[in-house]
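Chemist: The structure under discussion is supplied below as C-alpha cells; questions concerning it will follow.
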Amino acid sequence: MDKLSKAEFRWIDLSLLSVILVLKLILPAWPADLHSGDLIFLDLDCGEICDAIEDVTLEQFHVSAPRLSHVGVLSFDRDSREWWVFEAWPQRGVSRISLDRFLKRVKSGEDQKDGYYLVRFPASLRSQAIEALKRIRRYFGKPYDSAFVVNDSDFYCSELVYQSWQGQGMNPFSLLPMYFGAPESPQGRIWKEYFADLKISIIPEFLPGISPLGIYLQAQAVLN
C-alpha cells in the first residue's frame, strides 16, 4: 500500500473535521446522566395547536417559561445499548421512538437552546419510576386520546405519565381543572376548531386533566 503524503493526510483531517462540525450542527445535544424512567419534555414544532397548548398552560400556571407541548419517558435498551422514549403520540398511540428521532422534533426556544427539558428522579424515587415505566410497557399499543379525557383506555402524552404513577403510594402528579383559554382569544378559537373537527361539541374545560407543563412544574415542586 502506498504511503500517504502530508498533504493527503491534511485533506483527510480537514474532511473528518468538516463531518464532525456538520453533525454537531444537525444533531441536537444528547442529554447526559440519564436513568430509565426519567422524563423528557419538548417544545414541539407542530404549528398552532402546539403553540396553543403552550400558551394556555403558561397562562394557567402564571409562568412565562418553559414552553412545553410534549413529554415522554426515557428507557435504556441494554441489548441495543440505545436510549428510547415511550410516549403517547397522535396516530401511533402509546409507542416507542429512539431518543435521537425524538430530539429531532425539537423546536429550539429562547430559554432552552436545545429545546428539551429533563426531570431526573432521585434515587429515592427511582424504583417507582421503573415501575411506572413497566406499566407504560403494558399500555403499549393503546390508542391516542385526542379528546383529553383521563381514563385508562387511551392516552395523551402527559396522561400516560400520570396514569403510570397511579397506585404506587406516592404519585408526585395531580390532576387539575383543564384550561383552554378565554373563548374569544386566539387560543380559545384554535381549541374550539380542534374539538369541532373531532365532532366534540363541548370543550372539556375544567374537567380533571394534566399537561406537560403541569407534569414538569409538579415534579420540580416535589423534587426541589
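Going by the C-alpha cells order, chains are called A, B, ..., each with residues numbered from 1, while ligands are numbered from 1 in the order shown.
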List the spatial neighbours of A:Ala219 as a PyMOL selection string - criterion: any atom at most 12 Å away, only C-alpha atoms, same-chain residues fewer than 4 positions off excluded.
Modeler: chain A and resi 38-40+117-122+125+161-162+171-174+212-215+223-224
Chemist: Can you list, as JSON, numbers by chain, every protein, DNA or RNA residue that comes within 9 Å of A:Gly181 when you count only C-alpha atoms, leaving out same-chain residues fewer than 5 positions away?
Modeler: {"A": [52, 55, 56, 57, 59, 60, 186, 187, 188, 189, 191]}
Chemist: Give the strand (DSSP E) residues of stretch 43-188 of chain A, as assigned by DSSP on the backbone, as an NGL selection string.
Modeler: :A and (70-77 or 82-89 or 93-98 or 116-119 or 176-177)
Chemist: Go ahead and save the residues from that selection, with N, CA and C atoms, as a compact mmCIF listing (two decimals), in the first residue's frame.
Modeler:
```txt
# COMPACT_ATOMS: atom_id res chain seq x y z
N HIS A 70 -44.99 18.56 24.92
CA HIS A 70 -44.92 17.09 24.83
C HIS A 70 -44.00 16.55 25.93
N VAL A 71 -44.33 15.34 26.39
CA VAL A 71 -43.50 14.66 27.39
C VAL A 71 -43.42 13.18 27.05
N GLY A 72 -42.26 12.59 27.28
CA GLY A 72 -42.06 11.16 27.10
C GLY A 72 -41.25 10.60 28.25
N VAL A 73 -41.14 9.27 28.30
CA VAL A 73 -40.44 8.58 29.38
C VAL A 73 -39.24 7.85 28.80
N LEU A 74 -38.08 8.11 29.36
CA LEU A 74 -36.83 7.54 28.85
C LEU A 74 -36.66 6.08 29.25
N SER A 75 -36.07 5.30 28.35
CA SER A 75 -35.82 3.88 28.61
C SER A 75 -34.53 3.46 27.91
N PHE A 76 -33.62 2.83 28.66
CA PHE A 76 -32.37 2.36 28.07
C PHE A 76 -32.49 0.89 27.71
N ASP A 77 -32.25 0.57 26.44
CA ASP A 77 -32.30 -0.80 25.95
C ASP A 77 -30.91 -1.42 26.09
N GLU A 82 -29.01 1.50 23.39
CA GLU A 82 -29.55 2.76 22.89
C GLU A 82 -30.63 3.28 23.83
N TRP A 83 -30.79 4.60 23.82
CA TRP A 83 -31.88 5.23 24.57
C TRP A 83 -33.12 5.33 23.69
N TRP A 84 -34.27 5.05 24.30
CA TRP A 84 -35.57 5.14 23.64
C TRP A 84 -36.50 5.99 24.50
N VAL A 85 -37.59 6.43 23.89
CA VAL A 85 -38.59 7.22 24.61
C VAL A 85 -39.95 6.57 24.39
N PHE A 86 -40.64 6.25 25.50
CA PHE A 86 -42.03 5.81 25.42
C PHE A 86 -42.91 7.05 25.50
N GLU A 87 -43.95 7.08 24.67
CA GLU A 87 -44.78 8.27 24.56
C GLU A 87 -46.18 7.90 24.08
N ALA A 88 -47.11 8.82 24.24
CA ALA A 88 -48.41 8.74 23.57
C ALA A 88 -48.39 9.79 22.47
N TRP A 89 -48.59 9.34 21.22
CA TRP A 89 -48.41 10.21 20.06
C TRP A 89 -49.59 10.05 19.12
N GLY A 93 -50.53 6.26 19.03
CA GLY A 93 -50.89 5.89 20.39
C GLY A 93 -49.65 5.69 21.26
N VAL A 94 -49.77 4.79 22.23
CA VAL A 94 -48.64 4.51 23.12
C VAL A 94 -47.61 3.71 22.34
N SER A 95 -46.44 4.27 22.18
CA SER A 95 -45.44 3.69 21.29
C SER A 95 -44.04 4.06 21.77
N ARG A 96 -43.04 3.60 21.02
CA ARG A 96 -41.65 3.84 21.39
C ARG A 96 -40.91 4.46 20.21
N ILE A 97 -40.03 5.40 20.49
CA ILE A 97 -39.24 6.06 19.45
C ILE A 97 -37.81 6.23 19.97
N SER A 98 -36.84 6.13 19.09
CA SER A 98 -35.45 6.31 19.52
C SER A 98 -35.24 7.75 19.99
N TYR A 116 -35.24 20.97 24.82
CA TYR A 116 -35.80 19.93 25.67
C TYR A 116 -35.47 20.21 27.14
N TYR A 117 -36.30 19.64 28.01
CA TYR A 117 -36.08 19.72 29.45
C TYR A 117 -36.14 18.31 30.01
N LEU A 118 -35.50 18.09 31.14
CA LEU A 118 -35.47 16.78 31.78
C LEU A 118 -35.98 16.86 33.20
N VAL A 119 -36.64 15.79 33.64
CA VAL A 119 -36.88 15.55 35.06
C VAL A 119 -36.16 14.27 35.42
N LEU A 176 -55.61 18.53 37.55
CA LEU A 176 -56.12 19.86 37.81
C LEU A 176 -57.20 20.19 36.78
N PRO A 177 -58.09 21.13 37.07
CA PRO A 177 -59.08 21.53 36.06
C PRO A 177 -58.39 22.03 34.79
```
Chemist: Please list as an MDAnalysis selection string every residue within 10 Å of A:Asp152, counting only C-alpha atoms and excluding residues in the same chain fewer than 2 positions away.
Modeler: chainID A and resid 139 142 145 149:150 154:155 159:160 163:164
Chemist: If you keep N, CA and C atoms, can you produce a file of those selected residues as a PDB file, in the first residue's frame?
Modeler:
```
ATOM      1  N   TYR A 139     -49.211  -0.670  28.626  1.00  0.00           N
ATOM      2  CA  TYR A 139     -50.144   0.157  27.855  1.00  0.00           C
ATOM      3  C   TYR A 139     -49.765   0.223  26.372  1.00  0.00           C
ATOM      4  N   LYS A 142     -51.975   1.045  23.057  1.00  0.00           N
ATOM      5  CA  LYS A 142     -53.251   1.710  23.342  1.00  0.00           C
ATOM      6  C   LYS A 142     -53.365   2.972  22.478  1.00  0.00           C
ATOM      7  N   ASP A 145     -55.378   9.607  22.970  1.00  0.00           N
ATOM      8  CA  ASP A 145     -56.572  10.263  23.495  1.00  0.00           C
ATOM      9  C   ASP A 145     -56.659  11.689  22.951  1.00  0.00           C
ATOM     10  N   VAL A 149     -59.572  13.271  27.700  1.00  0.00           N
ATOM     11  CA  VAL A 149     -60.413  12.820  28.811  1.00  0.00           C
ATOM     12  C   VAL A 149     -59.664  11.703  29.529  1.00  0.00           C
ATOM     13  N   VAL A 150     -59.329  11.921  30.781  1.00  0.00           N
ATOM     14  CA  VAL A 150     -58.466  10.987  31.508  1.00  0.00           C
ATOM     15  C   VAL A 150     -59.188   9.677  31.787  1.00  0.00           C
ATOM     16  N   ASP A 154     -57.308   5.001  26.629  1.00  0.00           N
ATOM     17  CA  ASP A 154     -56.496   5.718  25.643  1.00  0.00           C
ATOM     18  C   ASP A 154     -55.792   6.859  26.372  1.00  0.00           C
ATOM     19  N   PHE A 155     -54.732   7.387  25.755  1.00  0.00           N
ATOM     20  CA  PHE A 155     -53.856   8.289  26.496  1.00  0.00           C
ATOM     21  C   PHE A 155     -53.349   9.436  25.629  1.00  0.00           C
ATOM     22  N   GLU A 159     -51.056  12.455  30.224  1.00  0.00           N
ATOM     23  CA  GLU A 159     -51.948  11.496  30.885  1.00  0.00           C
ATOM     24  C   GLU A 159     -51.242  10.155  31.063  1.00  0.00           C
ATOM     25  N   LEU A 160     -50.459   9.753  30.063  1.00  0.00           N
ATOM     26  CA  LEU A 160     -49.718   8.494  30.141  1.00  0.00           C
ATOM     27  C   LEU A 160     -48.766   8.508  31.332  1.00  0.00           C
ATOM     28  N   GLN A 163     -50.937   8.390  34.652  1.00  0.00           N
ATOM     29  CA  GLN A 163     -51.533   7.079  34.921  1.00  0.00           C
ATOM     30  C   GLN A 163     -50.475   6.046  35.287  1.00  0.00           C
ATOM     31  N   SER A 164     -49.278   6.174  34.731  1.00  0.00           N
ATOM     32  CA  SER A 164     -48.233   5.191  35.025  1.00  0.00           C
ATOM     33  C   SER A 164     -47.765   5.265  36.476  1.00  0.00           C
TER      34      SER A 164
END
```
Chemist: Can you work out the spacing between atom CA of A:Ile49 and atom CA of A:Pro204 in Å, to one decimal?
Modeler: 15.9 Å
Chemist: Could you give me the residues within stretch 10-221 of chain A that DSSP places in helix (DSSP H, G or I), as number ranges by chain?
Modeler: A: 10-26, 48-61, 99-103, 123-138, 157-165, 186-197, 212-221
Chemist: Go ahead and compute the interatomic distance for atom CA of A:Pro208 and atom CA of A:Ala196, in Å to one decimal.
Modeler: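 Calculated distance between atom CA of A:Pro208 and atom CA of A:Ala196 is 20.3 Å.
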Chemist: Skip A:Asp51 itself and residues of its chain fewer than 6 positions away, then list as a tab-separated table (two decimals) with C-alpha atoms, in the first residue's frame all residues within 10 Å of it, counting only C-alpha atoms.
Modeler:
```
chain	number	residue	atom	x	y	z
A	43	ASP	CA	-41.19	22.40	22.77
A	44	LEU	CA	-42.65	20.80	19.63
A	45	ASP	CA	-42.75	22.43	16.23
A	67	ARG	CA	-42.85	26.35	26.75
A	68	LEU	CA	-43.72	22.64	26.73
A	69	SER	CA	-46.09	20.71	24.48
A	187	GLN	CA	-56.02	30.17	21.67
A	190	ILE	CA	-57.92	27.26	17.99
```
